[in-house]
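Heads up, the thing below is written out as structure tokens.
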Amino acid sequence: MAKYRKLGRTSDQRKALLRSQVTSLLYRGKIVTTEAKAKEVRKIAEGIIAMGIREKDNYETVTVTAKVPRKDKDGKRVKEVVDGKKVTVFDEVQKEIKKDMPSRLHARHQMLKVFYPVKEVPTTAAGRKKGTKNINMPNKVFDEIAPKYADRKGGYTRIVKIGQRKGDGALEVVLELI
């Protein structure tokens, strides 16, 4: 018996497909796909969620001093002339940051091996670079998804059959986070 479904693809295509579907599932909350793909995606996604639950509180809060450039009312950096050169003015700010413990850092690296980068584009300026922001998927797993499932012992996803696809008759399902 095989350990995984080959899905009619070469290994690099299959890994890319599964990575993109796992990323979409955890970003959006549900995806529509075929039954075979859903069962493979479910294995990976549930492992990632379990890892997030295990490591969600494994960090320490540290206060650091950071230099931040001073900005004017338009959001541009303030510059001063020093010795005939324009130099940016910096302010020192105290910031609280989360410092991952080694096991949480390892879990973050394992998640980053699976996730593709996600960019969130605002609907008003679709197609423009301004206003887009990169989503940190491991942080989303640790901060949003893991607390939601902290009291569950597994079974974080659900597969709902929705019927056959018109083109080739493949059984389509909705894979969603419970």
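Going by the structure tokens order, chains are called A, B, ..., each with residues numbered from 1, while ligands are numbered from 1 in the order shown.
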
Which region 52-139 of chain A residues have any atom within 9 Å of an atom of region 147-166 of chain A, and for each, what is the nearest pair of atoms with distance in Å to one decimal, counting only C-alpha atoms, rows sorted by chain and number, as a Markdown table?
```
| residue | atom | partner | partner_atom | distance |
| --- | --- | --- | --- | --- |
| A:Gly52 | CA | A:Pro147 | CA | 8.8 |
| A:Ile53 | CA | A:Ala150 | CA | 5.9 |
| A:Arg54 | CA | A:Ala150 | CA | 8.5 |
| A:Lys56 | CA | A:Pro147 | CA | 7.5 |
```

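CA of Lys86 (chain A) sits 13.9 Å away from CA of Arg70 (chain A).
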
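Of the residues under consideration (A:Lys43, A:Tyr116, A:Lys98, A:Val173), A:Lys43 shows the shortest atom-to-atom contact distance to Lys3 (chain A) when counting only C-alpha atoms.
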
Quick one: DSSP strand (DSSP E or B) residues in region 23-88 of chain A, as a PDB file with N, CA, C and O atoms, in the first residue's frame?
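The new file states.pdb reads:
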```pdb
ATOM      1  N   LYS A  30     -11.367  27.648   3.474  1.00  0.00           N
ATOM      2  CA  LYS A  30     -11.947  26.548   2.718  1.00  0.00           C
ATOM      3  C   LYS A  30     -11.534  26.600   1.262  1.00  0.00           C
ATOM      4  O   LYS A  30     -11.243  27.683   0.743  1.00  0.00           O
ATOM      5  N   ILE A  31     -11.479  25.428   0.620  1.00  0.00           N
ATOM      6  CA  ILE A  31     -11.155  25.331  -0.802  1.00  0.00           C
ATOM      7  C   ILE A  31     -12.048  24.272  -1.437  1.00  0.00           C
ATOM      8  O   ILE A  31     -12.558  23.390  -0.750  1.00  0.00           O
ATOM      9  N   VAL A  32     -12.234  24.367  -2.748  1.00  0.00           N
ATOM     10  CA  VAL A  32     -12.974  23.362  -3.518  1.00  0.00           C
ATOM     11  C   VAL A  32     -11.965  22.627  -4.381  1.00  0.00           C
ATOM     12  O   VAL A  32     -11.206  23.251  -5.131  1.00  0.00           O
ATOM     13  N   THR A  33     -11.949  21.299  -4.283  1.00  0.00           N
ATOM     14  CA  THR A  33     -10.980  20.491  -5.013  1.00  0.00           C
ATOM     15  C   THR A  33     -11.538  19.085  -5.187  1.00  0.00           C
ATOM     16  O   THR A  33     -12.669  18.818  -4.773  1.00  0.00           O
ATOM     17  N   THR A  34     -10.755  18.196  -5.778  1.00  0.00           N
ATOM     18  CA  THR A  34     -11.211  16.814  -5.921  1.00  0.00           C
ATOM     19  C   THR A  34     -11.005  16.063  -4.613  1.00  0.00           C
ATOM     20  O   THR A  34     -10.243  16.493  -3.746  1.00  0.00           O
ATOM     21  N   TYR A  59       6.884  31.214  23.635  1.00  0.00           N
ATOM     22  CA  TYR A  59       7.701  32.380  23.299  1.00  0.00           C
ATOM     23  C   TYR A  59       7.874  33.220  24.556  1.00  0.00           C
ATOM     24  O   TYR A  59       7.184  33.028  25.553  1.00  0.00           O
ATOM     25  N   GLU A  60       8.841  34.142  24.499  1.00  0.00           N
ATOM     26  CA  GLU A  60       9.001  35.095  25.591  1.00  0.00           C
ATOM     27  C   GLU A  60       8.940  36.502  25.004  1.00  0.00           C
ATOM     28  O   GLU A  60       9.344  36.730  23.875  1.00  0.00           O
ATOM     29  N   THR A  61       8.417  37.431  25.784  1.00  0.00           N
ATOM     30  CA  THR A  61       8.306  38.816  25.351  1.00  0.00           C
ATOM     31  C   THR A  61       9.531  39.583  25.821  1.00  0.00           C
ATOM     32  O   THR A  61       9.888  39.535  26.990  1.00  0.00           O
ATOM     33  N   VAL A  62      10.175  40.274  24.875  1.00  0.00           N
ATOM     34  CA  VAL A  62      11.411  40.996  25.164  1.00  0.00           C
ATOM     35  C   VAL A  62      11.228  42.453  24.753  1.00  0.00           C
ATOM     36  O   VAL A  62      10.637  42.740  23.714  1.00  0.00           O
ATOM     37  N   THR A  63      11.745  43.375  25.573  1.00  0.00           N
ATOM     38  CA  THR A  63      11.711  44.799  25.235  1.00  0.00           C
ATOM     39  C   THR A  63      13.048  45.176  24.612  1.00  0.00           C
ATOM     40  O   THR A  63      14.100  44.912  25.189  1.00  0.00           O
ATOM     41  N   VAL A  64      12.992  45.789  23.428  1.00  0.00           N
ATOM     42  CA  VAL A  64      14.209  46.195  22.739  1.00  0.00           C
ATOM     43  C   VAL A  64      14.117  47.677  22.377  1.00  0.00           C
ATOM     44  O   VAL A  64      13.034  48.235  22.263  1.00  0.00           O
ATOM     45  N   THR A  65      15.273  48.283  22.198  1.00  0.00           N
ATOM     46  CA  THR A  65      15.338  49.671  21.753  1.00  0.00           C
ATOM     47  C   THR A  65      15.658  49.662  20.267  1.00  0.00           C
ATOM     48  O   THR A  65      16.614  49.025  19.832  1.00  0.00           O
ATOM     49  N   ALA A  66      14.833  50.373  19.495  1.00  0.00           N
ATOM     50  CA  ALA A  66      15.027  50.399  18.042  1.00  0.00           C
ATOM     51  C   ALA A  66      15.135  51.843  17.577  1.00  0.00           C
ATOM     52  O   ALA A  66      14.524  52.749  18.149  1.00  0.00           O
ATOM     53  N   LYS A  67      15.922  52.056  16.526  1.00  0.00           N
ATOM     54  CA  LYS A  67      16.009  53.372  15.901  1.00  0.00           C
ATOM     55  C   LYS A  67      14.997  53.418  14.764  1.00  0.00           C
ATOM     56  O   LYS A  67      15.017  52.572  13.873  1.00  0.00           O
ATOM     57  N   VAL A  68      14.130  54.427  14.809  1.00  0.00           N
ATOM     58  CA  VAL A  68      13.083  54.584  13.808  1.00  0.00           C
ATOM     59  C   VAL A  68      13.244  55.955  13.170  1.00  0.00           C
ATOM     60  O   VAL A  68      13.401  56.956  13.880  1.00  0.00           O
ATOM     61  N   PRO A  69      13.210  56.039  11.835  1.00  0.00           N
ATOM     62  CA  PRO A  69      13.338  57.354  11.204  1.00  0.00           C
ATOM     63  C   PRO A  69      12.140  58.239  11.522  1.00  0.00           C
ATOM     64  O   PRO A  69      11.006  57.787  11.509  1.00  0.00           O
ATOM     65  N   LYS A  71       9.367  60.971  10.776  1.00  0.00           N
ATOM     66  CA  LYS A  71       8.631  61.261   9.538  1.00  0.00           C
ATOM     67  C   LYS A  71       7.803  62.520   9.695  1.00  0.00           C
ATOM     68  O   LYS A  71       7.339  62.854  10.783  1.00  0.00           O
ATOM     69  N   ARG A  77      10.624  60.851   5.277  1.00  0.00           N
ATOM     70  CA  ARG A  77      11.661  60.982   6.292  1.00  0.00           C
ATOM     71  C   ARG A  77      12.136  62.425   6.437  1.00  0.00           C
ATOM     72  O   ARG A  77      12.317  63.126   5.447  1.00  0.00           O
ATOM     73  N   LYS A  79      14.956  65.108   7.135  1.00  0.00           N
ATOM     74  CA  LYS A  79      16.405  65.144   6.944  1.00  0.00           C
ATOM     75  C   LYS A  79      16.963  66.444   7.508  1.00  0.00           C
ATOM     76  O   LYS A  79      16.326  67.488   7.447  1.00  0.00           O
ATOM     77  N   GLU A  80      18.172  66.365   8.068  1.00  0.00           N
ATOM     78  CA  GLU A  80      18.896  67.532   8.558  1.00  0.00           C
ATOM     79  C   GLU A  80      20.212  67.637   7.809  1.00  0.00           C
ATOM     80  O   GLU A  80      20.748  66.640   7.335  1.00  0.00           O
ATOM     81  N   VAL A  81      20.731  68.855   7.738  1.00  0.00           N
ATOM     82  CA  VAL A  81      22.032  69.054   7.098  1.00  0.00           C
ATOM     83  C   VAL A  81      23.106  69.026   8.177  1.00  0.00           C
ATOM     84  O   VAL A  81      23.096  69.825   9.110  1.00  0.00           O
ATOM     85  N   VAL A  82      24.018  68.052   8.065  1.00  0.00           N
ATOM     86  CA  VAL A  82      25.132  67.914   9.006  1.00  0.00           C
ATOM     87  C   VAL A  82      26.417  67.858   8.186  1.00  0.00           C
ATOM     88  O   VAL A  82      26.586  66.973   7.346  1.00  0.00           O
ATOM     89  N   LYS A  85      25.990  67.573   4.431  1.00  0.00           N
ATOM     90  CA  LYS A  85      25.291  66.406   3.881  1.00  0.00           C
ATOM     91  C   LYS A  85      23.908  66.304   4.502  1.00  0.00           C
ATOM     92  O   LYS A  85      23.713  66.647   5.671  1.00  0.00           O
ATOM     93  N   LYS A  86      22.959  65.810   3.713  1.00  0.00           N
ATOM     94  CA  LYS A  86      21.627  65.565   4.254  1.00  0.00           C
ATOM     95  C   LYS A  86      21.628  64.206   4.954  1.00  0.00           C
ATOM     96  O   LYS A  86      21.992  63.197   4.364  1.00  0.00           O
ATOM     97  N   VAL A  87      21.208  64.219   6.209  1.00  0.00           N
ATOM     98  CA  VAL A  87      21.202  62.996   7.013  1.00  0.00           C
ATOM     99  C   VAL A  87      19.807  62.803   7.605  1.00  0.00           C
ATOM    100  O   VAL A  87      19.179  63.751   8.081  1.00  0.00           O
ATOM    101  N   THR A  88      19.313  61.556   7.582  1.00  0.00           N
ATOM    102  CA  THR A  88      18.007  61.237   8.153  1.00  0.00           C
ATOM    103  C   THR A  88      18.085  61.315   9.676  1.00  0.00           C
ATOM    104  O   THR A  88      19.056  60.876  10.283  1.00  0.00           O
TER     105      THR A  88
END
```

DSSP on the backbone, alpha helix (DSSP H) only: what residues of chain A does that give? Format it as a PDB file with C-alpha atoms, in the first residue's frame.
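The file below, selection.pdb, is the result:
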```pdb
ATOM      1  CA  SER A  11       6.867  14.685  -7.664  1.00  0.00           C
ATOM      2  CA  ASP A  12       7.757  18.374  -8.100  1.00  0.00           C
ATOM      3  CA  GLN A  13       4.341  19.197  -9.604  1.00  0.00           C
ATOM      4  CA  ARG A  14       2.569  17.243  -6.856  1.00  0.00           C
ATOM      5  CA  LYS A  15       4.514  18.988  -4.077  1.00  0.00           C
ATOM      6  CA  ALA A  16       3.820  22.414  -5.596  1.00  0.00           C
ATOM      7  CA  LEU A  17       0.102  21.622  -5.937  1.00  0.00           C
ATOM      8  CA  LEU A  18      -0.192  20.426  -2.343  1.00  0.00           C
ATOM      9  CA  ARG A  19       1.795  23.396  -0.995  1.00  0.00           C
ATOM     10  CA  SER A  20      -0.440  25.877  -2.801  1.00  0.00           C
ATOM     11  CA  GLN A  21      -3.629  24.157  -1.675  1.00  0.00           C
ATOM     12  CA  VAL A  22      -2.498  23.952   1.968  1.00  0.00           C
ATOM     13  CA  THR A  23      -1.556  27.644   1.875  1.00  0.00           C
ATOM     14  CA  SER A  24      -4.943  28.555   0.376  1.00  0.00           C
ATOM     15  CA  LEU A  25      -6.850  26.398   2.874  1.00  0.00           C
ATOM     16  CA  LEU A  26      -5.181  27.944   5.915  1.00  0.00           C
ATOM     17  CA  TYR A  27      -5.386  31.485   4.493  1.00  0.00           C
ATOM     18  CA  ARG A  28      -9.002  31.387   3.281  1.00  0.00           C
ATOM     19  CA  GLU A  35     -11.615  14.164  -3.242  1.00  0.00           C
ATOM     20  CA  ALA A  36      -8.156  12.621  -3.721  1.00  0.00           C
ATOM     21  CA  LYS A  37      -6.401  16.003  -3.518  1.00  0.00           C
ATOM     22  CA  ALA A  38      -8.482  16.978  -0.480  1.00  0.00           C
ATOM     23  CA  LYS A  39      -7.440  13.861   1.419  1.00  0.00           C
ATOM     24  CA  GLU A  40      -3.762  14.594   0.757  1.00  0.00           C
ATOM     25  CA  VAL A  41      -4.102  18.295   1.648  1.00  0.00           C
ATOM     26  CA  ARG A  42      -5.927  17.340   4.840  1.00  0.00           C
ATOM     27  CA  LYS A  43      -2.938  15.270   6.069  1.00  0.00           C
ATOM     28  CA  ILE A  44      -0.516  18.165   5.645  1.00  0.00           C
ATOM     29  CA  ALA A  45      -2.860  20.875   6.984  1.00  0.00           C
ATOM     30  CA  GLU A  46      -3.786  18.936  10.117  1.00  0.00           C
ATOM     31  CA  GLY A  47      -0.103  18.332  10.862  1.00  0.00           C
ATOM     32  CA  ILE A  48       0.621  22.043  10.569  1.00  0.00           C
ATOM     33  CA  ILE A  49      -2.327  22.994  12.784  1.00  0.00           C
ATOM     34  CA  ALA A  50      -1.251  20.418  15.396  1.00  0.00           C
ATOM     35  CA  MET A  51       2.272  21.873  15.312  1.00  0.00           C
ATOM     36  CA  GLY A  52       0.817  25.367  15.775  1.00  0.00           C
ATOM     37  CA  ILE A  53      -1.261  24.240  18.759  1.00  0.00           C
ATOM     38  CA  ARG A  54       1.760  22.601  20.394  1.00  0.00           C
ATOM     39  CA  GLU A  55       3.928  25.716  20.053  1.00  0.00           C
ATOM     40  CA  PRO A 102      13.951  27.026  19.913  1.00  0.00           C
ATOM     41  CA  SER A 103      11.139  24.490  19.425  1.00  0.00           C
ATOM     42  CA  ARG A 104       8.721  27.183  18.197  1.00  0.00           C
ATOM     43  CA  LEU A 105      11.381  28.502  15.824  1.00  0.00           C
ATOM     44  CA  HIS A 106      11.826  24.977  14.463  1.00  0.00           C
ATOM     45  CA  ALA A 107       8.051  24.676  13.998  1.00  0.00           C
ATOM     46  CA  ARG A 108       8.036  28.030  12.165  1.00  0.00           C
ATOM     47  CA  HIS A 109      10.769  26.792   9.804  1.00  0.00           C
ATOM     48  CA  GLN A 110       8.845  23.563   9.173  1.00  0.00           C
ATOM     49  CA  MET A 111       5.738  25.612   8.303  1.00  0.00           C
ATOM     50  CA  LEU A 112       7.716  27.889   5.999  1.00  0.00           C
ATOM     51  CA  LYS A 113       8.862  24.804   4.059  1.00  0.00           C
ATOM     52  CA  VAL A 114       5.193  24.208   3.168  1.00  0.00           C
ATOM     53  CA  MET A 137       1.380  32.546   7.508  1.00  0.00           C
ATOM     54  CA  PRO A 138       3.177  30.969  10.504  1.00  0.00           C
ATOM     55  CA  ASN A 139       2.037  33.923  12.637  1.00  0.00           C
ATOM     56  CA  LYS A 140      -1.516  33.411  11.374  1.00  0.00           C
ATOM     57  CA  ALA A 146      -4.141  27.430  16.884  1.00  0.00           C
ATOM     58  CA  PRO A 147      -6.090  29.153  19.724  1.00  0.00           C
ATOM     59  CA  LYS A 148      -9.334  28.268  17.953  1.00  0.00           C
TER      60      LYS A 148
END
```

Mind checking which residues fall within 7 Å of Thr132 (chain A), counting only C-alpha atoms, ignoring those fewer than 6 positions away in the same chain, and posting them as a JSON list (two decimals) with all heavy atoms, in the first residue's frame?
```
[["chain", "number", "residue", "atom", "x", "y", "z"],
["A", 119, "LYS", "N", 0.22, 37.43, -0.48],
["A", 119, "LYS", "CA", 0.06, 38.88, -0.50],
["A", 119, "LYS", "C", -1.42, 39.20, -0.45],
["A", 119, "LYS", "O", -2.21, 38.62, -1.20],
["A", 119, "LYS", "CB", 0.65, 39.48, -1.77],
["A", 119, "LYS", "CG", 2.14, 39.56, -1.77],
["A", 119, "LYS", "CD", 2.63, 40.36, -2.95],
["A", 119, "LYS", "CE", 4.11, 40.25, -3.09],
["A", 119, "LYS", "NZ", 4.82, 41.37, -2.62],
["A", 120, "GLU", "N", -1.78, 40.13, 0.41],
["A", 120, "GLU", "CA", -3.16, 40.56, 0.52],
["A", 120, "GLU", "C", -3.30, 41.88, -0.22],
["A", 120, "GLU", "O", -2.62, 42.85, 0.09],
["A", 120, "GLU", "CB", -3.54, 40.73, 1.99],
["A", 120, "GLU", "CG", -5.02, 40.91, 2.19],
["A", 120, "GLU", "CD", -5.35, 40.87, 3.67],
["A", 120, "GLU", "OE1", -5.30, 41.93, 4.32],
["A", 120, "GLU", "OE2", -5.65, 39.77, 4.16],
["A", 121, "VAL", "N", -4.17, 41.89, -1.24],
["A", 121, "VAL", "CA", -4.37, 43.09, -2.05],
["A", 121, "VAL", "C", -5.71, 43.69, -1.68],
["A", 121, "VAL", "O", -6.73, 42.99, -1.68],
["A", 121, "VAL", "CB", -4.36, 42.72, -3.56],
["A", 121, "VAL", "CG1", -4.56, 43.96, -4.41],
["A", 121, "VAL", "CG2", -3.07, 42.01, -3.92],
["A", 122, "PRO", "N", -5.76, 45.00, -1.37],
["A", 122, "PRO", "CA", -7.05, 45.61, -1.07],
["A", 122, "PRO", "C", -7.95, 45.62, -2.30],
["A", 122, "PRO", "O", -7.48, 45.77, -3.43],
["A", 122, "PRO", "CB", -6.69, 47.04, -0.63],
["A", 122, "PRO", "CG", -5.32, 47.28, -1.16],
["A", 122, "PRO", "CD", -4.66, 45.94, -1.28]]
```

### Task
Enter the distance from CA of Thr124 (chain A) to CA of Leu177 (chain A), in Å, rounded to one decimal.
27.9 Å

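Here CA of Asn134 (chain A) and CA of Leu175 (chain A) stand 24.4 Å from one another.
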